[in-house]
Each structure stands twice: as structure tokens, then as C-alpha cells.
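With CSV, C-alpha atoms inside, this is run_20.csv:
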```
chain,number,residue,atom,x,y,z
A,1,MET,CA,119.2,69.4,211.5
A,2,GLN,CA,121.1,69.4,208.2
A,3,LYS,CA,118.3,67.6,206.5
A,4,LYS,CA,115.8,70.1,207.8
A,5,PHE,CA,117.9,72.9,206.6
A,6,PHE,CA,118.2,71.5,203.1
A,7,PHE,CA,114.5,70.8,203.1
A,8,LEU,CA,113.6,74.3,204.2
A,9,SER,CA,116.1,75.7,201.6
A,10,TYR,CA,114.5,73.6,198.9
A,11,ILE,CA,111.0,74.9,199.8
A,12,LEU,CA,112.1,78.5,199.8
A,13,PHE,CA,114.0,78.1,196.5
A,14,SER,CA,110.9,76.5,195.0
A,15,LEU,CA,108.6,79.2,196.1
A,16,PHE,CA,111.1,81.9,194.9
A,17,SER,CA,111.4,80.2,191.6
A,18,PHE,CA,107.7,79.9,191.2
A,19,GLY,CA,107.3,83.6,191.9
A,20,GLN,CA,110.0,84.4,189.4
A,21,LYS,CA,108.4,82.2,186.8
A,22,GLN,CA,105.0,83.8,187.3
A,23,ASP,CA,106.4,87.3,186.9
A,24,SER,CA,108.7,86.4,184.0
A,25,ILE,CA,106.3,84.5,181.7
A,26,SER,CA,106.9,86.5,178.6
A,27,LEU,CA,103.6,85.4,177.0
A,28,LYS,CA,101.4,86.2,179.9
A,29,ASN,CA,101.2,89.8,179.1
A,30,GLY,CA,97.8,91.2,180.4
A,31,ILE,CA,94.8,89.3,179.1
A,32,ASP,CA,95.2,86.5,176.5
A,33,LYS,CA,93.1,87.5,173.6
A,34,PRO,CA,93.3,86.0,170.1
A,35,SER,CA,91.6,87.8,167.3
A,36,MET,CA,87.9,87.2,167.8
A,37,LEU,CA,86.4,89.7,165.4
A,38,PRO,CA,83.1,88.5,164.0
A,39,ILE,CA,83.5,87.2,160.4
A,40,HIS,CA,80.9,89.4,159.0
A,41,HIS,CA,80.2,89.1,155.3
A,42,PHE,CA,80.9,92.9,154.8
A,43,GLY,CA,83.5,93.2,157.5
A,44,LEU,CA,85.8,90.6,156.0
A,45,PHE,CA,86.5,93.1,153.1
A,46,SER,CA,87.6,95.9,155.5
A,47,ALA,CA,90.0,96.3,158.4
A,48,ARG,CA,88.5,96.3,161.8
A,49,ILE,CA,90.1,97.1,165.1
A,50,ASN,CA,91.0,94.2,167.4
A,51,GLN,CA,91.2,95.7,171.0
A,52,ASN,CA,94.6,95.2,172.7
A,53,PHE,CA,94.4,94.1,176.3
A,54,LYS,CA,98.2,93.7,176.9
A,55,VAL,CA,99.8,95.8,179.6
A,56,ARG,CA,103.3,96.3,178.2
A,57,THR,CA,105.4,95.8,175.0
A,58,PRO,CA,106.3,92.2,174.4
A,59,GLU,CA,109.6,91.0,175.8
A,60,LYS,CA,110.0,88.8,172.8
A,61,THR,CA,108.9,89.2,169.2
A,62,THR,CA,105.9,86.9,168.7
A,63,VAL,CA,104.0,85.4,165.8
A,64,ASN,CA,100.4,84.4,166.3
A,65,PHE,CA,98.7,82.0,163.9
A,66,SER,CA,94.9,82.0,164.0
A,67,LEU,CA,92.2,80.0,162.3
A,68,SER,CA,88.5,80.7,162.8
A,69,SER,CA,85.2,79.4,161.2
A,70,ALA,CA,81.8,81.1,161.0
A,71,ASN,CA,78.4,80.3,159.7
A,72,THR,CA,76.4,83.1,158.1
A,73,PHE,CA,72.9,82.8,156.6
A,74,HIS,CA,70.6,85.4,155.2
A,75,PRO,CA,67.8,84.5,152.7
A,76,PHE,CA,67.4,86.3,149.5
A,77,LEU,CA,66.0,89.8,150.1
A,78,GLU,CA,65.4,93.0,148.1
A,79,MET,CA,65.3,96.5,149.5
A,80,TYR,CA,63.8,99.7,148.1
A,81,LEU,CA,64.7,103.2,149.4
A,82,PRO,CA,62.4,106.0,148.1
A,83,LYS,CA,64.2,109.0,146.7
A,84,ASP,CA,61.3,111.3,147.3
A,85,GLU,CA,61.4,112.9,150.8
A,86,ALA,CA,57.6,113.1,151.1
A,87,THR,CA,57.4,109.4,150.5
A,88,ARG,CA,60.0,108.8,153.1
A,89,ASN,CA,58.1,110.8,155.6
A,90,GLN,CA,54.9,108.8,154.9
A,91,LEU,CA,56.8,105.5,155.4
A,92,ARG,CA,58.2,106.7,158.7
A,93,GLU,CA,54.7,106.5,160.1
A,94,GLN,CA,54.3,102.9,159.2
A,95,ILE,CA,55.8,99.8,160.8
A,96,TRP,CA,58.4,98.3,158.4
A,97,PHE,CA,56.5,95.1,157.4
A,98,ASN,CA,53.5,97.1,156.3
A,99,ARG,CA,55.4,99.4,153.9
A,100,ASN,CA,54.5,98.9,150.2
A,101,PHE,CA,55.2,102.0,148.3
A,102,TYR,CA,57.2,100.8,145.3
A,103,ARG,CA,55.5,100.3,141.9
A,104,ASP,CA,58.1,101.3,139.3
A,105,GLN,CA,61.0,103.6,138.8
A,106,GLN,CA,58.9,106.1,136.9
A,107,SER,CA,56.1,106.6,139.3
A,108,THR,CA,58.0,105.9,142.6
A,109,PRO,CA,61.7,106.3,142.0
A,110,ALA,CA,63.8,104.4,144.5
A,111,GLU,CA,67.3,103.1,145.2
A,112,TYR,CA,67.5,99.3,144.9
A,113,GLU,CA,69.7,96.6,146.5
A,114,ASN,CA,69.5,92.8,146.9
A,115,ILE,CA,71.4,90.3,149.0
A,116,ILE,CA,71.7,86.6,149.8
A,117,ILE,CA,74.4,85.2,152.1
A,118,ASP,CA,74.8,81.5,152.8
A,119,ALA,CA,78.3,80.1,153.5
A,120,VAL,CA,80.8,79.1,156.1
A,121,PHE,CA,83.7,81.5,156.0
A,122,LYS,CA,87.2,80.5,157.2
A,123,ASN,CA,89.6,83.2,158.4
A,124,PHE,CA,93.3,82.7,158.3
A,125,ARG,CA,95.3,85.3,160.2
A,126,ILE,CA,99.0,85.9,161.0
A,127,ASP,CA,99.9,88.5,163.6
A,128,PHE,CA,103.5,89.7,164.0
A,129,ASN,CA,104.2,91.8,167.1
A,130,THR,CA,107.5,93.4,168.2
A,131,LYS,CA,108.8,96.0,170.6
A,132,ILE,CA,110.3,99.1,168.8
A,133,THR,CA,111.1,101.1,172.0
A,134,LYS,CA,110.4,100.6,175.7
A,135,ASN,CA,106.8,101.9,175.5
A,136,HIS,CA,106.0,101.4,171.8
A,137,GLU,CA,104.9,98.2,169.9
A,138,LEU,CA,104.5,97.5,166.2
A,139,GLY,CA,102.0,94.9,164.9
A,140,ILE,CA,101.6,93.7,161.4
A,141,THR,CA,98.7,91.4,160.4
A,142,LEU,CA,97.9,89.4,157.2
A,143,ARG,CA,94.3,88.4,156.9
A,144,SER,CA,92.6,86.1,154.4
A,145,TYR,CA,89.4,84.1,154.0
A,146,LEU,CA,88.1,80.9,152.4
A,147,VAL,CA,84.5,80.5,151.3
A,148,THR,CA,83.2,77.0,151.9
A,149,LYS,CA,80.1,74.9,152.2
A,150,GLY,CA,81.0,74.0,155.7
A,151,LYS,CA,80.8,70.2,155.5
A,152,TYR,CA,81.9,67.7,158.1
A,153,PRO,CA,84.4,67.2,159.5
A,154,PHE,CA,86.1,70.5,158.7
A,155,SER,CA,83.4,72.7,160.1
A,156,PHE,CA,82.0,70.5,162.9
A,157,PHE,CA,80.6,73.2,165.2
A,158,THR,CA,79.8,75.8,162.5
A,159,SER,CA,78.2,73.5,159.9
A,160,ASP,CA,74.6,73.8,158.8
A,161,GLU,CA,73.9,70.3,160.2
A,162,THR,CA,75.2,71.1,163.7
A,163,ILE,CA,73.2,74.4,163.9
A,164,GLU,CA,70.0,72.9,162.6
A,165,TRP,CA,70.4,69.8,164.8
A,166,PHE,CA,70.6,72.3,167.7
A,167,HIS,CA,67.5,74.1,166.5
A,168,SER,CA,65.5,71.0,166.0
A,169,ASN,CA,66.5,69.2,169.2
A,170,ILE,CA,67.4,71.8,171.8
A,171,ALA,CA,66.2,75.4,171.0
A,172,GLY,CA,64.8,77.4,168.1
A,173,GLY,CA,62.4,74.9,166.5
A,174,GLU,CA,62.4,73.3,163.1
A,175,ASP,CA,64.3,75.3,160.5
A,176,PRO,CA,63.6,78.7,162.1
A,177,PHE,CA,65.6,80.7,159.6
A,178,GLY,CA,65.1,78.8,156.3
A,179,ARG,CA,68.4,77.0,155.9
A,180,LYS,CA,66.7,73.7,155.1
A,181,TYR,CA,64.4,75.5,152.7
A,182,TYR,CA,67.4,76.7,150.7
A,183,GLY,CA,69.3,73.4,151.3
A,184,LEU,CA,72.1,72.6,153.7
A,185,ASN,CA,75.8,73.0,152.9
A,186,GLN,CA,75.3,75.5,150.1
A,187,VAL,CA,77.3,78.6,149.0
A,188,HIS,CA,75.1,81.5,147.9
A,189,VAL,CA,76.9,84.8,148.3
A,190,ARG,CA,75.6,87.6,146.1
A,191,TYR,CA,75.0,91.3,146.7
A,192,GLN,CA,74.1,94.2,144.5
A,193,ASP,CA,74.5,97.7,145.9
A,194,ARG,CA,72.4,100.7,145.1
A,195,ASN,CA,74.9,101.8,142.5
A,196,GLY,CA,74.5,98.6,140.6
A,197,LYS,CA,77.9,97.2,141.7
A,198,LYS,CA,77.9,93.5,142.4
A,199,LEU,CA,79.7,91.1,144.7
A,200,GLU,CA,79.6,87.4,144.2
A,201,LEU,CA,81.6,84.6,146.0
A,202,LYS,CA,82.0,81.0,145.0
A,203,ASP,CA,82.6,77.8,146.9
A,204,GLY,CA,86.4,77.3,147.4
A,205,GLN,CA,87.2,80.9,146.6
A,206,PHE,CA,90.2,82.3,148.5
A,207,ILE,CA,90.3,86.0,149.4
A,208,PHE,CA,93.5,87.8,150.5
A,209,ALA,CA,91.7,90.6,152.2
A,210,GLY,CA,94.5,92.8,153.4
A,211,ILE,CA,97.3,93.9,155.6
A,212,GLU,CA,97.0,95.8,158.9
A,213,ILE,CA,99.6,97.9,160.6
A,214,ASN,CA,99.0,98.6,164.3
A,215,HIS,CA,101.0,100.8,166.6
A,216,PHE,CA,100.5,100.7,170.4
A,217,TYR,CA,101.8,103.1,173.0
A,218,TYR,CA,101.9,102.0,176.7
A,219,PRO,CA,102.2,105.2,178.9
A,220,ASN,CA,103.9,104.8,182.2
A,221,PHE,CA,101.3,106.2,184.7
A,222,ILE,CA,102.9,105.4,188.1
A,223,LYS,CA,99.8,106.0,190.1
A,224,LEU,CA,97.8,103.6,188.0
A,225,LYS,CA,100.5,100.9,188.0
A,226,LYS,CA,100.5,101.0,191.8
A,227,ARG,CA,96.9,99.9,191.6
A,228,ASN,CA,97.7,97.2,189.0
A,229,ILE,CA,95.9,99.3,186.3
A,230,SER,CA,97.5,99.6,182.8
A,231,VAL,CA,96.4,101.5,179.7
A,232,ASN,CA,97.4,101.6,176.1
A,233,PHE,CA,96.5,103.6,173.0
A,234,GLY,CA,96.6,102.3,169.4
A,235,SER,CA,96.6,103.7,165.9
A,236,HIS,CA,95.6,101.4,163.1
A,237,LEU,CA,96.1,101.4,159.3
A,238,GLY,CA,94.3,98.9,157.2
A,239,ILE,CA,95.3,98.2,153.5
A,240,ASN,CA,92.4,96.3,151.9
A,241,THR,CA,93.4,94.3,148.9
A,242,SER,CA,90.3,92.4,147.7
A,243,LYS,CA,89.0,93.3,144.2
A,244,GLU,CA,85.7,94.3,145.7
A,245,ASN,CA,87.1,96.9,148.1
A,246,PRO,CA,90.7,98.0,147.4
A,247,SER,CA,91.0,100.8,149.9
A,248,ILE,CA,92.6,102.1,153.1
A,249,ASP,CA,91.1,102.4,156.5
A,250,PHE,CA,92.4,104.2,159.5
A,251,GLY,CA,91.4,104.3,163.2
A,252,PHE,CA,92.3,104.7,166.9
A,253,SER,CA,91.7,102.7,170.0
A,254,GLY,CA,92.1,103.0,173.8
A,255,ASN,CA,92.2,100.2,176.4
A,256,ILE,CA,92.4,99.7,180.1
A,257,VAL,CA,93.3,96.6,182.1
A,258,LYS,CA,93.0,96.0,185.8
A,259,LYS,CA,94.5,93.0,187.7
A,260,TRP,CA,93.7,91.5,191.1
A,261,ILE,CA,96.1,89.0,192.7
A,262,LEU,CA,94.4,86.4,194.8
A,263,LYS,CA,95.7,84.8,197.9
A,264,ASN,CA,96.6,81.6,196.1
A,265,THR,CA,98.7,83.7,193.6
A,266,ASN,CA,96.2,83.2,190.9
A,267,GLU,CA,94.8,86.3,189.2
A,268,ILE,CA,91.7,88.0,187.9
A,269,ARG,CA,91.8,90.6,185.2
A,270,THR,CA,89.2,92.8,183.7
A,271,ALA,CA,89.6,95.0,180.6
A,272,PHE,CA,87.6,97.5,178.6
A,273,GLY,CA,88.4,99.0,175.2
A,274,THR,CA,86.9,101.2,172.6
A,275,ALA,CA,87.8,102.2,169.1
A,276,ILE,CA,86.7,104.2,166.1
A,277,LEU,CA,87.5,103.3,162.5
A,278,ARG,CA,87.2,105.5,159.4
A,279,ARG,CA,86.5,103.1,156.6
A,280,ASN,CA,87.6,103.8,153.0
A,281,ILE,CA,89.4,106.9,153.8
A,282,VAL,CA,91.1,106.2,150.4
A,283,ASN,CA,89.5,104.2,147.6
A,284,PHE,CA,91.6,102.9,144.7
A,285,LYS,CA,88.6,102.5,142.5
A,286,GLU,CA,84.8,102.7,142.5
A,287,ASN,CA,84.2,100.0,145.1
A,288,VAL,CA,81.2,97.9,146.1
A,289,LEU,CA,79.2,99.9,148.7
A,290,LEU,CA,79.5,97.7,151.8
A,291,GLY,CA,77.2,99.8,154.0
A,292,ASN,CA,77.2,103.6,153.9
A,293,ASN,CA,78.4,104.3,157.4
A,294,LYS,CA,81.9,105.7,157.0
A,295,TYR,CA,82.7,105.3,160.7
A,296,LEU,CA,82.5,102.1,162.7
A,297,GLY,CA,82.6,102.5,166.5
A,298,SER,CA,83.2,99.5,168.7
A,299,PHE,CA,83.4,98.6,172.4
A,300,GLU,CA,84.8,95.5,174.1
A,301,ALA,CA,84.8,94.2,177.6
A,302,MET,CA,86.6,91.1,179.0
A,303,LEU,CA,86.9,89.1,182.3
A,304,GLU,CA,89.7,86.6,182.7
A,305,TYR,CA,90.7,84.2,185.5
A,306,THR,CA,94.2,82.7,185.5
A,307,LYS,CA,95.5,79.7,187.4
A,308,TYR,CA,99.2,79.0,187.6
A,309,THR,CA,100.7,75.6,187.8
A,310,ARG,CA,103.6,74.4,190.0
A,311,LYS,CA,105.9,74.7,186.9
A,312,GLY,CA,105.0,78.3,186.2
A,313,ASN,CA,102.7,77.5,183.3
A,314,TYR,CA,99.1,78.7,183.4
A,315,HIS,CA,95.5,78.1,182.4
A,316,SER,CA,93.1,81.0,181.8
A,317,ILE,CA,89.4,81.1,181.1
A,318,SER,CA,87.6,84.3,180.0
A,319,ALA,CA,84.4,85.8,178.8
A,320,ASN,CA,84.4,88.6,176.2
A,321,TYR,CA,81.6,90.9,174.9
A,322,GLN,CA,81.9,92.9,171.7
A,323,ILE,CA,79.6,95.4,170.1
A,324,GLN,CA,80.0,97.4,166.9
A,325,THR,CA,77.9,100.2,165.4
A,326,SER,CA,75.9,99.5,162.3
A,327,PHE,CA,77.3,99.1,158.7
A,328,SER,CA,74.5,101.3,157.3
A,329,LYS,CA,73.0,104.6,158.4
A,330,GLN,CA,70.2,103.7,160.8
A,331,ASP,CA,67.8,106.4,159.6
A,332,GLU,CA,67.2,104.5,156.3
A,333,ALA,CA,65.6,101.7,158.4
A,334,ASN,CA,62.8,104.2,159.1
A,335,TYR,CA,61.6,104.2,155.5
A,336,TYR,CA,62.9,101.2,153.6
A,337,GLN,CA,60.7,98.6,152.0
A,338,LEU,CA,61.9,95.0,152.3
A,339,VAL,CA,60.7,92.3,149.9
A,340,GLY,CA,61.4,88.6,150.7
A,341,LYS,CA,59.9,85.1,151.1
A,342,TRP,CA,58.2,85.9,154.4
A,343,GLN,CA,55.6,83.1,153.9
A,344,GLU,CA,58.1,80.4,153.2
A,345,ILE,CA,60.7,81.3,155.9
A,346,HIS,CA,59.6,81.1,159.5
A,347,SER,CA,61.6,84.0,160.8
A,348,GLY,CA,64.5,86.2,159.9
A,349,TRP,CA,63.6,86.5,156.3
A,350,GLN,CA,64.3,90.3,156.6
A,351,ASN,CA,67.7,89.9,158.3
A,352,GLY,CA,69.9,90.4,155.2
A,353,PHE,CA,69.3,94.2,155.2
A,354,GLU,CA,67.6,94.8,158.6
A,355,LYS,CA,70.7,93.6,160.5
A,356,LEU,CA,73.0,96.0,158.5
A,357,TYR,CA,71.1,98.8,160.3
A,358,ASP,CA,71.5,97.2,163.8
A,359,TYR,CA,74.5,97.1,166.1
A,360,GLN,CA,76.5,93.9,165.8
A,361,SER,CA,77.2,92.2,169.1
A,362,ALA,CA,78.4,88.8,170.3
A,363,TRP,CA,79.7,86.9,173.4
A,364,SER,CA,82.8,84.7,173.4
A,365,TRP,CA,84.2,82.2,175.8
A,366,ILE,CA,88.0,81.6,175.6
A,367,TYR,CA,90.4,79.0,177.1
A,368,THR,CA,94.2,79.6,177.0
A,369,TYR,CA,97.1,77.4,178.0
A,370,GLY,CA,100.4,79.2,178.3
A,371,ARG,CA,104.0,78.2,178.6
A,372,LYS,CA,107.3,80.1,178.1
A,373,ASN,CA,107.7,78.9,174.6
A,374,TYR,CA,104.1,79.1,173.4
A,375,SER,CA,100.4,79.8,174.3
A,376,PHE,CA,97.4,78.1,172.8
A,377,SER,CA,93.8,79.5,172.8
A,378,ILE,CA,90.5,78.2,171.7
A,379,TYR,CA,87.2,80.1,171.7
A,380,LEU,CA,83.5,79.9,170.9
A,381,LYS,CA,81.6,83.0,169.8
A,382,GLU,CA,77.8,83.1,169.9
A,383,ASP,CA,75.5,85.8,168.5
A,384,LEU,CA,72.9,86.1,171.3
A,385,SER,CA,71.1,88.9,169.5
A,386,LEU,CA,70.1,86.5,166.7
A,387,ASN,CA,71.4,88.7,163.9
A,388,ASN,CA,73.2,85.7,162.2
A,389,SER,CA,76.2,87.9,161.3
A,390,PRO,CA,77.6,85.3,161.9
A,391,ASP,CA,75.5,82.8,163.9
A,392,VAL,CA,78.2,80.7,165.5
A,393,GLN,CA,82.0,81.2,165.2
A,394,THR,CA,84.9,79.1,166.6
A,395,GLY,CA,88.6,79.7,166.5
A,396,ILE,CA,92.0,78.4,167.6
A,397,SER,CA,95.2,80.4,168.0
A,398,LEU,CA,98.9,79.6,168.6
A,399,LYS,CA,101.3,82.3,169.7
A,400,ILE,CA,105.1,81.6,169.5
A,401,PRO,CA,108.0,83.8,170.6
A,402,ILE,CA,110.7,83.9,167.9
A,403,SER,CA,113.4,86.2,169.3
A,404,ASN,CA,114.5,88.3,172.2
A,405,LYS,CA,114.2,92.1,171.7
```

Exercise: express the given structure as C-alpha cells:
Amino acid sequence: MQKKFFFLSYILFSLFSFGQKQDSISLKNGIDKPSMLPIHHFGLFSARINQNFKVRTPEKTTVNFSLSSANTFHPFLEMYLPKDEATRNQLREQIWFNRNFYRDQQSTPAEYENIIIDAVFKNFRIDFNTKITKNHELGITLRSYLVTKGKYPFSFFTSDETIEWFHSNIAGGEDPFGRKYYGLNQVHVRYQDRNGKKLELKDGQFIFAGIEINHFYYPNFIKLKKRNISVNFGSHLGINTSKENPSIDFGFSGNIVKKWILKNTNEIRTAFGTAILRRNIVNFKENVLLGNNKYLGSFEAMLEYTKYTRKGNYHSISANYQIQTSFSKQDEANYYQLVGKWQEIHSGWQNGFEKLYDYQSAWSWIYTYGRKNYSFSIYLKEDLSLNNSPDVQTGISLKIPISNK
């Protein structure tokens, strides 16, 4: 009888302890979500809003170290935008690949830009988050980039060789976008805007892109919490420090997270978030024009499944969808003329400018392992819209609590 009593007590204690561990895991705060913003060749020079799918202020101050790698390729392309409104209206009636209005600046005055993007960009990011009051959180982020050729073994999944092997052997066909035509493992990053300002990056160049300051407010809506629904609102300040775009950005975000507890104590969460960013609200000099849309809107959705272990640790897998409005005003796509090597390159020769007028979207798949003293995430991002901005992106992230608050 005594043995049975101790055995039953042990079982009850274990179940109670497991429940306590599950509820008290400081790092399992809503949905695990490392920074997965696409490493766009224009976006890396500006702050962009990373949606927050946490449900409360962090119990401990945390530091998150992230490293991501992305392959971006756009062949050399020129763009002419007629200044004359009558010419613009004529071009609106023509499909874009039949437009051929430009002769010279005297007879057909036009704004001119050119671009070529061919590199693997590495993003190094440090996020510091702490609770400042019960419902308010402060986040500070340092972001930087390295421009590389993307050779093995340092860019295994995002290298030109891997991508073109996939195209040649699985899907896409032989050299569908012209990487092999220009040569694999190259760095060609040059852009001239319509004002004559130029941007050029070299292999091995390091860019300290900026500092971001984020504030989040977690309101206590009792009726929503009873339904396992949480919301938060964010305000975001970006201080851009690159020589190409020294400036300040500012924006707002809103997020909602819903949790379902399964019979086996595992969990499913869904989240939705939206944000608006005003780029270059302050410029510290005459910067390179990185698209002429002053506002970038974004939407993000996520689904996560979490399985807890007997020790109170957890594994989570999730899918994420992101979409962002275009970097350039879409009306210009109705009358621009694009000039590129359309005969030499099988497809996508026009992407360098065409995709600046399209919404940027991508899917990501994430795995996270969490313990009380750290959480580790890996993800794969794929551009299913074929805008190559970037094509493939991978990332790893390590989050560590550093103090009690």
C-alpha cells in the first residue's frame, strides 16, 4: 500500500511539474519567430518591420543572434521613363515588351536607370529585448550585411551551384535566369537611379546598415485572453547608417495570436500581423533613390505546432507567409521601356526593374527547439513568385535569456 502511495504521489508530482514547466518556459512566448525578412538588395539599406507574434512581455531580458544567407540575381537592365505625358499615355496602350519609344534625350526626353544584382548577401543581426513595464517591451536591433560570391561550403543552400543544380536536375530547366551566362559565383552589384546617383558593392564588403528601436504594447483584453487570443501593437524607429542611405524610417504594426491546446497538451498557434513603414522620413543627405514608394505596407501570417517533451522542453514547426508592397510606384510599370539581353537570357531578363513594381512575397518553413536557457531556430525561405528578390534564403537563430526582469 505504501509503495502504491509513493508511486501515485510520484506520478501526480511529475504531471504537476510538467504542467508547471510548460506554463513557465520563459522562452516559449507565443510563436517562435526569428527575423525572416527577405534580404532584398534595396531593403537591406532601410529598416523594415519584423512582425511580433509574442503574447506578453518577456519574463527575462533576451539576446537573439541571427545569421541568414540569400541569393539574389538580376541581369543587367536599363529602364527609360518618358517625361512627356502624351508619350506615357501612348505606351499605356502597349504591352511592356513591345514598347520602344526612346531615341535620344532631345527628341524623347526620359528618366533613365540601370541595374545589375548578382551576389549572395549575409545578414548578421543582434536583437535585444527587455520588459520596461508589465505591458510594455523595448527592443533594440543591430543589423549588418556582408556581400559575398557565395562559394561552398559557406553558402551551401544559397550558392549559385546549388540553385543551378536544382534547376538543371529537378525543376526550371537549364540556366533559366542566366546565371551561367554571366558566370557562377560572381559579385556584380551596381545601380544608377534616375537622378544619376550610383550604388556599387564589392565582394567582401561589410555594411553596417543600421539600428532599430522597437516598442511593443500588450493590452490586457480579458475577454480575448479567455479565448486564448492575444494582441500587441508596435511602434518602430529605424536609423539607417549606410553611406548610400543615411536616414530615419518610422512605422507601426499590429499583431494577433490565437492558441489551441490539444488533448495531449501540445499546442497549435496561428498569428496574423500587418504593418506600415514610412521610409526616409528624414534624410541626412541626398541619398540613392531606392524605389520611389515612400510607404511600405506588409502582411504576415503564421501557423505553428508545438510538441512538449517529458522534461518540459519543446519542438515546434511552423509555416510563415510574408507579403510586402512594391518598392516603386506601380503606375510607372504601365509606361516604362526596358532594355536588356532578352535573346541571351532564357527568362527573367526584365526582373531587375519589373520586380520593383511587384509585391514581394515569400514562404518560410521554421523549426525551433526550446529549453529554459535557450531556443534555437532554423528556417528556409523560398520565393514561390519567382521574383528572385531573393531566390532562396536560409537562416539560423539563437535566443538566450541574460537576466531576470

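Among the candidates A:Asn50, A:Gln324, A:Gln106, A:Thr133, the one nearest to Ile213 of chain A when counting only C-alpha atoms is A:Asn50.
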
Task: Shell around segment 113-119 of chain A at 9 Å using all atoms listed in the file, local window under 2 positions removed, as a ChimeraX atom specification - done: /A:41,70-81,111,121,147-150,179,185-196,203,352-353

- [ ] For a cut-off of 7 Å around (86.2, 87.0, 183.9), file coordinates, pick out all residues using only C-alpha atoms and list them as a list of chain:residue names.
- [x] A:Ile268, A:Arg269, A:Thr270, A:Met302, A:Leu303, A:Glu304, A:Tyr305, A:Ser318, A:Ala319

Task: Distance of atom CA of Ser397 of chain A from atom CA of Lys355 of chain A, expressed in Å to one decimal place - done: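 Taking atom CA of Lys355 of chain A as the start and atom CA of Ser397 of chain A as the end point, the length is 28.8 Å.
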
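Taking atom CA of Tyr218 of chain A and atom CA of Arg125 of chain A as the two end points, the separation is 24.4 Å.
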